[in-house]
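In what follows, a structure is listed as structure tokens, so that the remarks can point back to it.
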Amino acid sequence: MNALPLADVNYVEGTIVQIAKSIVIFLFVLQVVPLILLLERKLLGRFQARIGPNRVGPFGLLQPLADVLKLLSKEQSTPSTAVPWMMAIAPVISIFAAVVTLAIIPFGNNGDWGGQWGLYGIDVPIGVLFYFAFGALAFYALLLGGWGSGSKYSFLGAMRSAAQLISYEIALGLSLLGVVIQAQSLSLTEITQAQGSLWYVVPQFVGFCAFMVAGFAETNRPPFDLAEGDSEIVGGFNTEFGGMRFGSFFMAEYINMIVIAGIATAMFLGGWHGPGPDYLNPLWVVLKMFFFIVLFIWVRATLPRFRYDQLMSFGWKVLLPLTTINVLVTAIIVAT
Amino acid sequence: MTVYDPGPDVISVQRGPQPGGVGAVYRAFGETLRGLKTSFMRVVEGPVTIEYPEEKTPVYPRFRGRHKLHRFEDSGLEKCVGCSLCAAACPADCIRVVAAENTHDHQVSAGERYAAVYEINMTRCIFCGYCEVACPFDAITMGNDYELADYTRSDLIFTKEMLLADHPERTPLRREGE
């Protein structure tokens with residue numbers, strides 16, 4: 001008997017392929033984030049019966065570039081009460097946790113584009129757990145950033161994000177557990193493969209709804225942006241951050257959006273499954289993710305922010321029992 | 001005993017569902033979907049923005065903007081006779097008139113006297129239109145232009161020449177019934 005492997009990967013590719021894939025994923029995300037930023041501002045405008053940014057470049061296409069240049073040229077300031085290393089490390093953790101999770105989102109099956117390599121960063125058999133681990137890690141960024149800022153508003157924002165994490169992470173896990181039970185696998189690739197005939201959004205509709213709600217809380221976006229809460233606690237955890245440190249938090253939020261959209265696509269909307277030949281598979285994933293991102297923006301334009309106690313009571317009293325019952329029912333049906 | 005019939009004046013009050021039970025589910029999902037529909041209708045309707053420097057909101061004909069001094073169209077003489085009634089009526093005290101006598105060689109206005117100096121300080125003017133009302137000869141009227149910004153305060157003291165000149169209208173006028 002050989003010893004247990006430290007990490008078990010379903011299909012091991014060559015080192016060069018893996019490096020190339022990670023570079024492609026990182027570059028892809030870096031290009032997509034500004035586009036989503038612009039899309040959000042444009043769509044928010046439309047939802048509010050206005051036009052949105054259209055001054056910088058044709059149709060305002062250069063607006064994100066202008067934003068980033070402005071953030072890059074700003075001075076980094078640290079309050080005298082702050083803990084500087086915490087403030088320095090928080091945005092790094094935030095963006096690291098966001099980007100790492102992208103690796104497990106499958107854009108296509110193994111061998112879709114010829115050769116023995118898959119259109120995903122890495123196919124870990126613990127896929128969903130991997131996502132939870134880094135999703136939870138991202139909250140350390142908020143906590144450290146808020147605590148290390150030495151400002152009461154930041155501290156309040158950090159405390160809120162901690163309470164939010166506890167209230168929602170469990171429901172998030174349980175909402176995906178139904179899918180995992182049905183697919184008999186934690187790997188996102190295998191879960192997607194199992195959805196060839198029927199997307200899991202149909203049998204797992206309750207889990208899908210719960211996942212979307214918890215996903216909104218996970219990304220710290222409205223209506224669950226309590227940790228930022230511009231109107232009551234200034235900017236929450238990122239009050240004291242300026243320049244590209246703030247930009248990193250901002251970017252991480254958008255990457256988190258992409259990640260949640262990707263996970264939801266793979267778990268519930270059948271991932272790469274769609275009409276057309278195999279090489280079109282990534283297109284379907286991107287289209288489905290686009291749908292989720294538009295949904296994120298739409299909800300942001302519609303719903304007001306939850307009150308702190310409403311969020312807690314909703315998480316504990318509604319989502320948690322709902323997802324638990326969903327998992328139990330799924331388990332009973334699958335077992336029998 | 002007759003029951004009072006309020007007729008069609010009654011307005012039915014729409015109450016939200018009670019908390020708890022089915023009502024709560026409706027509140028959570030139905031009302032959320034209704035909100036999403038509301039914001040989506042804004043997309044369908046399209047933006048209502050008027051992109052200001054390129055497009056302008058048309059003003060009503062009675063809109064009080066930049067002043068104009070007028071001449072008689074046939075003789076070309078100025079209508080203003082330098083009576084200073086506009087200056088007297090001005091609550092912001094922004095009009096300065098210095099009158100001078102017309103002579104045979106130098107006939108400027110139709111009356112005995114004319115305004116040698118006529119200045120309106122646009123930084124002080126409140127666009128109330130009292131000057132227009134006070135003028136016995138309709139020599140001063142309010143135009144429709146409202147883009148009066150300039151770089152220095154002295155540039156905003158409008159002289160008689162500026163007020164008499166044919167000023168290009170830059171403000172669209174609201175059409176009948178618009």
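Following the order of the structure tokens, first chain is A, next is B, and so on, with residues numbered from 1 inside each chain and ligands from 1 in the order they appear.
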
Check: which chain A residues lie within 6 Å of chain B using only C-alpha atoms, as a PDB file with C-alpha atoms, in the first residue's frame:
```pdb
ATOM      1  CA  ARG A  46     -30.150  52.398 -17.339  1.00  0.00           C
ATOM      2  CA  PHE A  47     -31.933  50.953 -14.322  1.00  0.00           C
ATOM      3  CA  ALA A  49     -33.377  55.924 -16.259  1.00  0.00           C
ATOM      4  CA  ARG A  50     -30.095  57.696 -16.990  1.00  0.00           C
ATOM      5  CA  ILE A  51     -27.248  57.045 -19.423  1.00  0.00           C
ATOM      6  CA  THR A 302     -33.328  47.358  -7.045  1.00  0.00           C
TER       7      THR A 302
END
```

Shell of 8 Å around range 217-233 of chain A, only C-alpha atoms, local chain residues under 4 positions omitted, as an MDAnalysis selection string: chainID A and resid 135 153:154 156:161 164:165 168:169 213 237:238 253 256:257 260 299:300 303:308 311

Which of these, A:Tyr131, A:Ala136, A:Ile170, A:Trp117, has the shortest distance to Ile16 in chain A once you count only C-alpha atoms?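 Counting only C-alpha atoms, the residue closest to Ile16 in chain A is A:Trp117.
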
Could you find all residues in range 39-256 of chain A that DSSP calls alpha helix (DSSP H) from the backbone, and write them as JSON, numbers by chain? {"A": [39, 40, 41, 42, 43, 44, 45, 46, 47, 63, 64, 65, 66, 67, 68, 69, 70, 71, 72, 84, 85, 86, 87, 88, 89, 90, 91, 92, 93, 94, 95, 96, 97, 98, 99, 100, 101, 102, 127, 128, 129, 130, 131, 132, 133, 134, 135, 136, 137, 138, 139, 140, 141, 142, 143, 144, 145, 146, 147, 148, 152, 153, 154, 155, 156, 157, 158, 159, 160, 161, 162, 163, 164, 165, 166, 167, 168, 169, 170, 171, 172, 173, 174, 175, 176, 177, 178, 179, 180, 181, 182, 183, 188, 189, 190, 191, 192, 193, 205, 206, 207, 208, 209, 210, 211, 212, 213, 214, 215, 216, 217, 218, 230, 231, 232, 233, 243, 244, 245, 246, 247, 248, 249, 250, 251, 252, 253, 254, 255, 256]}

Range 154-165 of chain B environment, 12 Å, only C-alpha atoms, sequence neighbours closer than 4 positions dropped, as a ChimeraX atom specification: /B:66-72,76-80,82,94-98,114-125,139-143,147-150,169

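CA of Leu39 in chain A is positioned 9.4 Å from CA of Ile293 in chain A.
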
Spatial neighbours of Gly127 in chain A, max dist 10 Å, only C-alpha atoms, sep filter under 2 positions, as a list in words: Thr101, Ala103, Ile104, Ile105, Ile122, Asp123, Val124, Pro125, Leu129, Phe130, Tyr131, Phe132, Ala133, Ser185, Leu186, Ser187, Leu188, Thr189, Glu190, Ile191 and Ile263 of chain A

Store the residues of this selection in a file with C-alpha atoms, as a tab-separated table (two decimals), in the first residue's frame.
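What follows is the written file result_33.tsv:
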```
chain	number	residue	atom	x	y	z
A	101	THR	CA	-10.89	30.42	-6.63
A	103	ALA	CA	-8.75	28.25	-10.98
A	104	ILE	CA	-11.45	25.66	-10.31
A	105	ILE	CA	-14.15	27.14	-12.52
A	122	ILE	CA	-7.13	22.77	-12.09
A	123	ASP	CA	-9.65	20.01	-11.49
A	124	VAL	CA	-9.35	19.39	-7.77
A	125	PRO	CA	-11.61	16.63	-6.41
A	129	LEU	CA	-14.43	22.76	-0.40
A	130	PHE	CA	-11.60	24.63	-2.11
A	131	TYR	CA	-14.05	27.38	-2.94
A	132	PHE	CA	-15.38	27.54	0.63
A	133	ALA	CA	-11.88	27.64	2.06
A	185	SER	CA	-18.71	14.38	-6.39
A	186	LEU	CA	-17.09	17.55	-5.09
A	187	SER	CA	-15.22	18.26	-8.31
A	188	LEU	CA	-16.81	21.04	-10.30
A	189	THR	CA	-15.86	19.34	-13.56
A	190	GLU	CA	-17.56	16.10	-12.59
A	191	ILE	CA	-20.60	17.97	-11.28
A	263	ILE	CA	-19.65	28.46	-9.39
```

Using only C-alpha atoms, find the one residue out of A:Ala266, A:Val33, A:Met244, A:Leu322 that sits nearest to Lys74 in chain A. A:Met244
